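So this block is coords-v4.csv, CSV, C-alpha atoms:
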chain,number,residue,atom,x,y,z
K,1,MET,CA,-118.9,76.9,-105.6
K,2,SER,CA,-122.6,76.4,-106.2
K,3,ASP,CA,-125.0,77.2,-103.4
K,4,ILE,CA,-126.8,73.9,-103.6
K,5,GLY,CA,-130.0,73.8,-101.7
K,6,ARG,CA,-129.6,77.3,-100.3
K,7,ALA,CA,-132.0,80.2,-100.3
K,8,PRO,CA,-131.1,83.9,-100.1
K,9,SER,CA,-130.6,85.3,-96.7
K,10,GLY,CA,-133.1,87.6,-95.0
K,11,SER,CA,-136.9,86.8,-95.0
K,12,VAL,CA,-136.8,83.4,-96.6
K,13,PRO,CA,-139.0,80.3,-96.7
K,14,ILE,CA,-138.3,77.3,-94.6
K,15,LYS,CA,-138.3,74.5,-97.2
K,16,THR,CA,-138.7,70.9,-96.1
K,17,GLU,CA,-139.1,68.3,-98.8
K,18,VAL,CA,-141.0,65.2,-97.7
K,19,VAL,CA,-140.4,62.3,-99.9
K,20,SER,CA,-143.1,59.6,-99.8
K,21,SER,CA,-143.9,56.2,-101.3
K,22,GLY,CA,-147.1,54.9,-103.0
K,23,LYS,CA,-148.5,55.6,-106.4
K,24,ALA,CA,-147.3,59.1,-106.4
K,25,ASN,CA,-144.3,61.0,-104.9
K,26,GLU,CA,-145.8,63.4,-102.5
K,27,ARG,CA,-143.7,66.4,-101.8
K,28,GLN,CA,-144.6,68.5,-98.8
K,29,PHE,CA,-143.1,72.0,-98.6
K,30,LEU,CA,-143.2,73.6,-95.2
K,31,SER,CA,-143.0,77.4,-96.0
K,32,SER,CA,-142.9,80.3,-93.7
K,33,SER,CA,-141.2,83.7,-93.7
K,34,LEU,CA,-139.4,84.3,-90.5
K,35,ASN,CA,-141.8,85.1,-87.6
K,36,ARG,CA,-144.7,83.9,-89.7
K,37,ALA,CA,-147.0,80.8,-89.4
K,38,VAL,CA,-146.0,77.7,-91.3
K,39,THR,CA,-148.1,76.7,-94.4
K,40,VAL,CA,-148.2,73.3,-95.9
K,41,VAL,CA,-148.4,72.6,-99.6
K,42,PHE,CA,-148.5,69.2,-101.2
K,43,VAL,CA,-147.2,68.7,-104.7
K,44,LEU,CA,-147.7,65.5,-106.6
K,45,THR,CA,-144.9,64.7,-109.0
K,46,GLY,CA,-146.1,61.8,-111.0
K,47,THR,CA,-146.8,58.2,-110.7
K,48,ALA,CA,-144.4,55.5,-109.5
K,49,SER,CA,-143.4,52.8,-111.9
K,50,ALA,CA,-144.9,49.3,-111.4
K,51,ALA,CA,-142.5,46.6,-110.2
K,52,VAL,CA,-140.8,45.1,-113.2
K,53,SER,CA,-138.4,42.6,-111.4
K,54,GLN,CA,-138.1,40.6,-108.3
K,55,LEU,CA,-135.9,43.3,-106.8
K,56,ASN,CA,-138.6,46.0,-107.4
K,57,ALA,CA,-141.3,43.7,-106.0
K,58,MET,CA,-139.2,43.1,-102.8
K,59,SER,CA,-138.7,46.8,-102.4
K,60,ALA,CA,-142.3,47.5,-102.9
K,61,ASP,CA,-143.3,44.9,-100.3
K,62,VAL,CA,-141.1,46.5,-97.7
K,63,ILE,CA,-142.6,50.0,-98.5
K,64,ARG,CA,-146.1,48.6,-98.1
K,65,LYS,CA,-145.5,47.0,-94.7
K,66,PRO,CA,-147.3,48.5,-91.7
K,67,THR,CA,-145.4,51.5,-90.4
K,68,GLU,CA,-145.3,50.1,-86.9
K,69,ILE,CA,-143.1,47.3,-88.1
K,70,ARG,CA,-140.4,49.8,-89.0
K,71,ASN,CA,-141.0,52.4,-86.3
K,72,VAL,CA,-138.0,51.2,-84.2
K,73,VAL,CA,-134.2,51.3,-84.5
K,74,ASP,CA,-134.0,47.6,-85.1
K,75,TYR,CA,-130.7,46.7,-86.8
K,76,PRO,CA,-131.2,42.9,-87.3
K,77,LYS,CA,-134.8,43.1,-88.4
K,78,THR,CA,-134.2,46.0,-90.8
K,79,GLU,CA,-131.1,44.3,-92.2
K,80,ASP,CA,-133.1,41.1,-92.7
K,81,GLU,CA,-135.7,43.0,-94.7
K,82,TYR,CA,-133.2,44.8,-97.0
K,83,ALA,CA,-130.3,42.4,-97.4
K,84,PRO,CA,-132.1,40.2,-99.9
K,85,MET,CA,-132.5,43.3,-102.2
K,86,GLN,CA,-128.8,44.0,-102.4
K,87,GLU,CA,-126.2,42.8,-104.9
K,88,LYS,CA,-123.9,40.0,-103.9
K,89,GLU,CA,-120.1,39.9,-104.4
K,90,PRO,CA,-118.4,39.8,-106.7
K,91,TYR,CA,-119.9,43.0,-108.1
K,92,ARG,CA,-120.3,43.0,-111.9
K,93,GLY,CA,-118.3,45.8,-113.6
K,94,ILE,CA,-117.0,47.2,-110.4
K,95,LYS,CA,-113.4,47.2,-109.2
K,96,VAL,CA,-113.1,47.1,-105.4
K,97,GLU,CA,-110.0,48.0,-103.4
K,98,ARG,CA,-110.3,47.2,-99.7
K,99,ASP,CA,-108.6,48.3,-96.5
K,100,ILE,CA,-106.5,51.1,-97.9
K,101,ARG,CA,-104.8,53.0,-95.1
K,102,TYR,CA,-105.5,56.7,-95.0
K,103,GLY,CA,-104.0,57.5,-91.6
K,104,PRO,CA,-101.9,56.1,-88.7
K,105,ALA,CA,-104.6,54.5,-86.6
K,106,GLU,CA,-105.6,50.9,-86.9
K,107,ARG,CA,-109.1,51.8,-88.0
K,108,ASN,CA,-108.0,54.5,-90.5
K,109,LEU,CA,-109.1,52.3,-93.5
K,110,LEU,CA,-111.2,52.9,-96.5
K,111,ASP,CA,-112.6,50.9,-99.5
K,112,VAL,CA,-112.7,52.3,-103.0
K,113,PHE,CA,-115.4,51.3,-105.5
K,114,ALA,CA,-114.9,52.3,-109.2
K,115,SER,CA,-116.6,51.3,-112.4
K,116,VAL,CA,-114.3,49.4,-114.8
K,117,THR,CA,-115.8,51.1,-117.8
K,118,ASP,CA,-115.8,54.8,-116.9
K,119,SER,CA,-112.7,56.6,-118.1
K,120,SER,CA,-113.4,60.3,-117.3
K,121,ALA,CA,-112.5,61.9,-114.0
K,122,GLN,CA,-115.4,61.2,-111.7
K,123,PRO,CA,-116.7,63.0,-108.6
K,124,VAL,CA,-116.1,61.1,-105.3
K,125,LEU,CA,-118.6,60.2,-102.7
K,126,ILE,CA,-117.2,59.3,-99.3
K,127,PHE,CA,-119.6,57.5,-96.9
K,128,VAL,CA,-119.1,57.6,-93.2
K,129,HIS,CA,-121.1,54.8,-91.4
K,130,GLY,CA,-122.9,55.0,-88.1
K,131,GLY,CA,-122.7,52.8,-85.0
K,132,ALA,CA,-123.5,55.0,-81.9
K,133,PHE,CA,-119.9,56.2,-81.8
K,134,ALA,CA,-118.6,53.1,-80.2
K,135,ALA,CA,-119.3,50.4,-82.8
K,136,GLY,CA,-119.8,49.9,-86.6
K,137,ASP,CA,-117.6,49.3,-89.6
K,138,LYS,CA,-117.5,50.1,-93.3
K,139,HIS,CA,-118.1,46.4,-94.2
K,140,ALA,CA,-118.6,43.0,-92.6
K,141,ALA,CA,-117.9,39.8,-94.4
K,142,GLY,CA,-121.2,38.2,-95.7
K,143,SER,CA,-123.2,41.5,-95.3
K,144,PRO,CA,-124.1,43.8,-98.2
K,145,PHE,CA,-123.9,46.8,-95.8
K,146,TYR,CA,-122.3,49.3,-96.3
K,147,ASP,CA,-121.0,48.2,-99.6
K,148,ASN,CA,-124.4,49.1,-100.9
K,149,VAL,CA,-123.7,52.8,-100.6
K,150,ALA,CA,-120.3,52.8,-102.4
K,151,LEU,CA,-121.6,50.4,-104.9
K,152,TRP,CA,-124.6,52.6,-105.7
K,153,ALA,CA,-122.1,55.5,-106.1
K,154,ALA,CA,-119.9,53.6,-108.5
K,155,ARG,CA,-123.0,52.7,-110.6
K,156,HIS,CA,-124.1,56.3,-110.8
K,157,GLY,CA,-121.1,58.2,-112.0
K,158,PHE,CA,-119.0,58.5,-108.8
K,159,ILE,CA,-116.0,56.9,-107.3
K,160,GLY,CA,-117.5,55.4,-104.2
K,161,ILE,CA,-115.6,55.3,-100.9
K,162,ASN,CA,-116.5,53.7,-97.6
K,163,MET,CA,-114.3,54.8,-94.6
K,164,THR,CA,-114.2,53.7,-91.1
K,165,TYR,CA,-112.8,55.6,-88.1
K,166,ARG,CA,-111.6,55.4,-84.5
K,167,LEU,CA,-114.3,54.6,-81.9
K,168,ALA,CA,-115.2,55.8,-78.4
K,169,PRO,CA,-114.5,55.6,-75.6
K,170,GLN,CA,-110.8,55.1,-76.6
K,171,SER,CA,-111.1,58.0,-79.1
K,172,ARG,CA,-113.3,60.9,-78.1
K,173,TRP,CA,-114.4,64.1,-79.7
K,174,PRO,CA,-113.0,65.4,-82.1
K,175,ALA,CA,-111.6,62.0,-83.3
K,176,GLY,CA,-114.3,61.6,-86.0
K,177,ALA,CA,-113.6,65.0,-87.5
K,178,GLU,CA,-109.9,64.4,-87.4
K,179,ASP,CA,-110.3,61.1,-89.2
K,180,ILE,CA,-112.5,62.5,-91.9
K,181,ALA,CA,-109.9,65.2,-92.5
K,182,LEU,CA,-107.2,62.5,-93.0
K,183,ALA,CA,-109.5,60.6,-95.4
K,184,VAL,CA,-110.3,63.7,-97.4
K,185,LYS,CA,-106.6,64.5,-97.7
K,186,TRP,CA,-105.9,61.0,-98.9
K,187,VAL,CA,-108.6,61.1,-101.5
K,188,THR,CA,-107.5,64.6,-102.7
K,189,ASN,CA,-104.0,63.3,-103.2
K,190,ASN,CA,-104.6,59.8,-104.5
K,191,ILE,CA,-108.0,59.4,-106.2
K,192,GLY,CA,-106.8,60.8,-109.5
K,193,SER,CA,-104.8,57.5,-110.3
K,194,ARG,CA,-108.1,55.6,-109.7
K,195,GLY,CA,-110.2,57.7,-112.1
K,196,GLY,CA,-111.5,60.2,-109.6
K,197,ASP,CA,-111.6,64.0,-109.5
K,198,GLY,CA,-110.0,65.1,-106.2
K,199,SER,CA,-111.6,68.6,-106.6
K,200,ARG,CA,-115.1,67.2,-106.4
K,201,ILE,CA,-115.6,65.3,-103.2
K,202,TYR,CA,-118.9,64.9,-101.4
K,203,LEU,CA,-119.3,63.6,-97.8
K,204,VAL,CA,-122.3,61.4,-96.8
K,205,GLY,CA,-122.7,60.4,-93.2
K,206,HIS,CA,-125.3,58.4,-91.3
K,207,SER,CA,-126.2,58.6,-87.6
K,208,ALA,CA,-122.8,58.9,-85.7
K,209,GLY,CA,-121.2,59.2,-89.1
K,210,ALA,CA,-123.5,62.2,-89.9
K,211,THR,CA,-122.4,63.7,-86.6
K,212,HIS,CA,-118.7,63.3,-87.6
K,213,VAL,CA,-119.4,64.9,-91.0
K,214,ALA,CA,-121.2,67.8,-89.2
K,215,SER,CA,-118.3,68.3,-86.8
K,216,TYR,CA,-115.8,68.3,-89.7
K,217,VAL,CA,-117.7,70.9,-91.7
K,218,ALA,CA,-118.4,73.0,-88.7
K,219,HIS,CA,-114.8,73.1,-87.3
K,220,PRO,CA,-112.4,74.3,-89.9
K,221,GLU,CA,-109.5,74.0,-87.4
K,222,TYR,CA,-109.4,70.3,-88.3
K,223,TYR,CA,-109.2,70.7,-92.0
K,224,ARG,CA,-106.1,69.3,-93.7
K,225,THR,CA,-107.0,70.6,-97.2
K,226,GLU,CA,-107.9,74.0,-98.4
K,227,ASP,CA,-111.5,75.0,-97.5
K,228,GLY,CA,-112.1,71.5,-96.2
K,229,GLY,CA,-111.6,69.9,-99.6
K,230,ILE,CA,-115.2,69.0,-100.2
K,231,ARG,CA,-117.9,70.3,-102.5
K,232,GLY,CA,-120.9,69.3,-100.4
K,233,ALA,CA,-122.0,67.4,-97.3
K,234,ILE,CA,-125.1,65.2,-96.8
K,235,MET,CA,-126.0,64.3,-93.2
K,236,LEU,CA,-128.5,61.5,-92.5
K,237,SER,CA,-130.0,61.5,-89.0
K,238,GLY,CA,-127.2,63.1,-87.2
K,239,LEU,CA,-126.6,64.7,-83.8
K,240,TYR,CA,-125.7,68.3,-84.3
K,241,ASP,CA,-126.0,70.0,-80.9
K,242,PRO,CA,-125.3,67.9,-77.8
K,243,THR,CA,-126.5,70.8,-75.6
K,244,ALA,CA,-130.1,70.3,-76.9
K,245,SER,CA,-130.6,66.6,-75.9
K,246,ALA,CA,-130.0,64.5,-72.9
K,247,LEU,CA,-127.0,62.4,-74.0
K,248,ARG,CA,-127.1,58.6,-73.6
K,249,ALA,CA,-124.1,56.6,-72.5
K,250,PRO,CA,-122.7,56.1,-76.1
K,251,GLU,CA,-122.9,59.8,-76.8
K,252,ARG,CA,-121.3,60.7,-73.5
K,253,ALA,CA,-118.6,58.2,-74.4
K,254,TYR,CA,-117.7,60.3,-77.4
K,255,PHE,CA,-118.6,63.9,-76.3
K,256,GLY,CA,-117.4,63.4,-72.8
K,257,ASP,CA,-119.1,63.6,-69.4
K,258,ASP,CA,-118.7,67.4,-68.9
K,259,PRO,CA,-121.8,69.2,-70.2
K,260,GLY,CA,-119.8,72.4,-69.9
K,261,ARG,CA,-117.8,71.3,-72.9
K,262,TYR,CA,-120.8,70.5,-75.1
K,263,ALA,CA,-121.4,74.0,-76.5
K,264,GLU,CA,-117.9,74.2,-78.0
K,265,ARG,CA,-118.4,70.7,-79.4
K,266,SER,CA,-121.7,71.6,-81.1
K,267,SER,CA,-121.8,71.9,-84.9
K,268,ILE,CA,-124.8,74.2,-85.2
K,269,VAL,CA,-123.0,77.5,-85.3
K,270,GLY,CA,-120.3,76.3,-87.7
K,271,LEU,CA,-122.8,74.6,-90.0
K,272,VAL,CA,-125.0,77.7,-90.2
K,273,VAL,CA,-122.1,79.9,-91.4
K,274,ALA,CA,-120.4,77.3,-93.5
K,275,LYS,CA,-120.0,78.1,-97.2
K,276,ILE,CA,-120.1,74.3,-98.1
K,277,PRO,CA,-123.5,73.3,-99.5
K,278,LEU,CA,-125.4,71.1,-97.1
K,279,MET,CA,-128.3,68.6,-97.2
K,280,ILE,CA,-129.9,67.1,-94.1
K,281,VAL,CA,-132.2,64.1,-94.0
K,282,THR,CA,-134.3,62.4,-91.4
K,283,ALA,CA,-136.7,59.5,-91.6
K,284,GLU,CA,-140.4,59.8,-90.7
K,285,PHE,CA,-140.0,57.0,-88.1
K,286,ASP,CA,-136.6,58.2,-86.8
K,287,ALA,CA,-136.0,58.2,-83.1
K,288,PRO,CA,-137.3,61.5,-81.5
K,289,VAL,CA,-133.8,62.7,-80.8
K,290,PHE,CA,-132.9,62.7,-84.5
K,291,LEU,CA,-136.1,64.4,-85.4
K,292,ARG,CA,-135.4,67.2,-82.9
K,293,GLN,CA,-131.9,67.6,-84.1
K,294,PHE,CA,-133.1,67.8,-87.7
K,295,ASP,CA,-135.5,70.6,-86.8
K,296,LEU,CA,-132.9,72.5,-84.8
K,297,LEU,CA,-130.4,72.6,-87.6
K,298,LYS,CA,-133.1,73.4,-90.3
K,299,ASP,CA,-134.5,76.3,-88.3
K,300,ALA,CA,-131.1,77.7,-87.3
K,301,ALA,CA,-129.9,77.7,-90.9
K,302,CYS,CA,-133.0,79.5,-92.1
K,303,GLN,CA,-132.3,82.3,-89.7
K,304,GLY,CA,-128.5,82.4,-90.5
K,305,PRO,CA,-126.5,84.3,-93.0
K,306,ASN,CA,-126.6,81.7,-95.8
K,307,GLY,CA,-130.3,80.9,-95.6
K,308,CYS,CA,-132.2,77.6,-95.6
K,309,ILE,CA,-130.5,74.4,-96.5
K,310,ARG,CA,-132.0,71.4,-98.3
K,311,SER,CA,-134.0,69.5,-95.7
K,312,VAL,CA,-135.6,66.1,-96.6
K,313,VAL,CA,-137.9,63.9,-94.6
K,314,LEU,CA,-138.2,60.3,-95.9
K,315,LEU,CA,-141.7,59.1,-95.3
K,316,GLY,CA,-142.1,55.4,-94.4
K,317,HIS,CA,-138.5,55.0,-93.4
K,318,ASN,CA,-136.9,54.4,-90.0
K,319,HIS,CA,-133.3,55.1,-88.8
K,320,MET,CA,-131.7,52.2,-90.5
K,321,SER,CA,-133.9,51.6,-93.5
K,322,GLU,CA,-133.1,55.0,-94.9
K,323,VAL,CA,-129.5,53.9,-95.5
K,324,TYR,CA,-130.2,50.1,-96.1
K,325,SER,CA,-132.5,51.1,-99.0
K,326,ILE,CA,-129.6,52.6,-101.0
K,327,ASN,CA,-129.0,50.6,-104.2
K,328,THR,CA,-132.4,49.1,-104.2
K,329,ALA,CA,-135.5,49.9,-106.3
K,330,ASP,CA,-136.4,52.5,-103.6
K,331,THR,CA,-134.7,55.6,-104.9
K,332,ARG,CA,-136.3,58.2,-102.8
K,333,LEU,CA,-133.1,59.1,-101.0
K,334,THR,CA,-130.7,58.5,-103.8
K,335,ASP,CA,-132.8,60.7,-106.1
K,336,GLN,CA,-132.3,63.5,-103.6
K,337,ILE,CA,-128.5,62.9,-103.4
K,338,LEU,CA,-128.2,63.0,-107.2
K,339,ASP,CA,-130.2,66.2,-107.5
K,340,PHE,CA,-128.1,67.8,-104.8
K,341,VAL,CA,-124.8,66.9,-106.6
K,342,ASN,CA,-126.1,67.7,-110.1
K,343,LYS,CA,-126.9,71.3,-109.0
K,344,ASP,CA,-123.2,71.7,-108.2
K,345,LYS,CA,-122.2,71.4,-111.9

Represent the supplied structure as structure tokens.
Amino acid sequence: MSDIGRAPSGSVPIKTEVVSSGKANERQFLSSSLNRAVTVVFVLTGTASAAVSQLNAMSADVIRKPTEIRNVVDYPKTEDEYAPMQEKEPYRGIKVERDIRYGPAERNLLDVFASVTDSSAQPVLIFVHGGAFAAGDKHAAGSPFYDNVALWAARHGFIGINMTYRLAPQSRWPAGAEDIALAVKWVTNNIGSRGGDGSRIYLVGHSAGATHVASYVAHPEYYRTEDGGIRGAIMLSGLYDPTASALRAPERAYFGDDPGRYAERSSIVGLVVAKIPLMIVTAEFDAPVFLRQFDLLKDAACQGPNGCIRSVVLLGHNHMSEVYSINTADTRLTDQILDFVNKDK
């Protein structure tokens, strides 16, 4: 398995790639050998293309808006901004299968998106939505979210899968990891008949979904397939160590009310030693808790046996826009996802 985004162990640089908007993509690399000061280097990587369609113009308009407009976790406002940029059903050239059952629970359901023209066995991208552990779904009628993620995947050489999972407080930790294990097993066993390659599965989780992905990777006791059955995991704005933050009511509903159990339910230790390639992402205007958690995992990994993991900060984005922007003309996040996967060939 390729060590995507990893550096050698020992005295290694901490590498954080900061992806910005504007006339140039500005990449900021935060480098430091262990126990040394951090240095900052900015690398300009070329000019952005001018808007060539209404979709591009709409995306550019959102990117240019004052940052204070997007410096909140505002689901309705952010959805209103990004929904007009998304494709509407039916999706041209894409076959969609909805509500396939992957496990025994009522919410053990997934949707499969596949191109009708690709005939070769394709890698699989499984998206795990957020929702503060107690809400959220893979798709709501009339909304483009989160079809946009699986649709983007299907248009870029993957079989795209959206899964949903059991919710707190009825289902507490480790329900998320258990449900991902069931979904990965179903994909491994069944995706071949739908044009997918069950040996090349990638997980992408956002917010609570990123926390569930982290728990799955970090706790092999919940695997139902050999070595976890995945080739890589991408976590967008997740909670990785519940001991490091004061948990709010939704997080306590999932992790429990006993702080004495939080250490064993943390993902940090397991992620640091995992052999599965990892990428973590946060938004410039994410909530402070997600920024802290991003730094905790990034720094712990750089001091661990596998070295630094790929760490990306999306400038100009907030907690929701980072995922709502997928499958629009704003490709800053999806370019990173493609590069991560392509290095695993």

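Those residues that approach segment 100-105 of chain K to within 12 Å, counting only C-alpha atoms, are Leu110, Asp111, Val112, Phe113, Lys138, Ile161, Asn162, Met163, Thr164, Tyr165, Arg166, Leu167, Gln170, Ser171, Ala175, Glu178, Asp179, Ile180, Ala181, Leu182, Ala183, Val184, Lys185, Trp186, Val187, Thr188, Asn189, Asn190 and Ile191 of chain K; same-chain residues fewer than 5 positions away are not listed.
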
Option closest in space to Ser119 of chain K, from K:Arg194, K:Arg248, K:Arg231, K:Lys298 [counting all atoms listed in the file]:
K:Arg194

Env of segment 141-149 of chain K: 8 Å cut, atoms = only C-alpha atoms, seq-sep filter 5 positions within chain, self excluded. Answer as a JSON list (two decimals) with C-alpha atoms, in the frame of the given file.
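File produced: selection-v6.json:
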[["chain", "number", "residue", "atom", "x", "y", "z"],
["K", 83, "ALA", "CA", -130.30, 42.40, -97.40],
["K", 86, "GLN", "CA", -128.80, 44.00, -102.40],
["K", 87, "GLU", "CA", -126.20, 42.80, -104.90],
["K", 88, "LYS", "CA", -123.90, 40.00, -103.90],
["K", 127, "PHE", "CA", -119.60, 57.50, -96.90],
["K", 129, "HIS", "CA", -121.10, 54.80, -91.40],
["K", 160, "GLY", "CA", -117.50, 55.40, -104.20],
["K", 162, "ASN", "CA", -116.50, 53.70, -97.60],
["K", 323, "VAL", "CA", -129.50, 53.90, -95.50],
["K", 324, "TYR", "CA", -130.20, 50.10, -96.10],
["K", 326, "ILE", "CA", -129.60, 52.60, -101.00],
["K", 327, "ASN", "CA", -129.00, 50.60, -104.20]]

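Put simply, atom CA of Gly270 of chain K is 14.5 Å away from atom CA of Gly232 of chain K.
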
Using Å and a single decimal, report how far atom CA of Val204 of chain K sits from atom CA of Ala153 of chain K.
11.0 Å

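Atom CA of Asp227 of chain K is positioned 22.5 Å from atom CA of His206 of chain K.
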
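Counting all atoms listed in the file and comparing K:Ala177, K:Ala301, K:Ala244, K:Leu109, the residue that lies closest to Arg224 of chain K is K:Ala177.
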
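The nearest approach to Ser245 of chain K among the residues K:Pro288, K:Gly195, K:Gly260, K:Pro123, with all atoms listed in the file taken into account, belongs to K:Pro288.
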
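Counting all atoms listed in the file and comparing K:Arg332, K:Arg252, K:Arg310, K:His319, the residue that lies closest to Leu236 of chain K is K:His319.
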
Up to 12 Å from (-116.7, 55.7, -73.3) in the file's coordinates: name the residues, counting all atoms listed in the file, as a ChimeraX atom specification.
/K:132-135,167-173,248-257

So, with all atoms listed in the file as the atoms that count, which of K:Val124, K:Val341, K:Val312, K:Ala214 lies closest to Thr16 of chain K?
K:Val312

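Residues in contact with Ser311 of chain K at 10 Å, where only C-alpha atoms are counted and same-chain residues fewer than 2 positions away are skipped, are listed as Gly5, Ile14, Lys15, Thr16, Glu17, Val18, Phe29, Ile234, Met235, Leu278, Met279, Ile280, Val281, Thr282, Phe294, Asp295, Leu297, Lys298, Cys308, Ile309 and Val313 of chain K.
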
Any chance you could export the current selection's C-alpha atoms as a compact mmCIF listing (two decimals), in the coordinates of the input?
# COMPACT_ATOMS: atom_id res chain seq x y z
CA GLY K 5 -130.00 73.80 -101.70
CA ILE K 14 -138.30 77.30 -94.60
CA LYS K 15 -138.30 74.50 -97.20
CA THR K 16 -138.70 70.90 -96.10
CA GLU K 17 -139.10 68.30 -98.80
CA VAL K 18 -141.00 65.20 -97.70
CA PHE K 29 -143.10 72.00 -98.60
CA ILE K 234 -125.10 65.20 -96.80
CA MET K 235 -126.00 64.30 -93.20
CA LEU K 278 -125.40 71.10 -97.10
CA MET K 279 -128.30 68.60 -97.20
CA ILE K 280 -129.90 67.10 -94.10
CA VAL K 281 -132.20 64.10 -94.00
CA THR K 282 -134.30 62.40 -91.40
CA PHE K 294 -133.10 67.80 -87.70
CA ASP K 295 -135.50 70.60 -86.80
CA LEU K 297 -130.40 72.60 -87.60
CA LYS K 298 -133.10 73.40 -90.30
CA CYS K 308 -132.20 77.60 -95.60
CA ILE K 309 -130.50 74.40 -96.50
CA VAL K 313 -137.90 63.90 -94.60

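Residues within 7 Å of Lys95 of chain K, counting only C-alpha atoms and excluding same-chain residues fewer than 2 positions away, are K:Gly93, K:Glu97, K:Phe113, K:Ala114, K:Ser115, K:Val116.
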
Closest of K:Gly228, K:Pro305, K:Gly192, K:Gly131 to Ala208 of chain K, counting only C-alpha atoms, is K:Gly131

As a ChimeraX atom specification, please: the residues near Ala274 of chain K (cut-off 8 Å, only C-alpha atoms, same-chain neighbours under 2 positions excluded).
/K:217-218,270-272,276-277,306
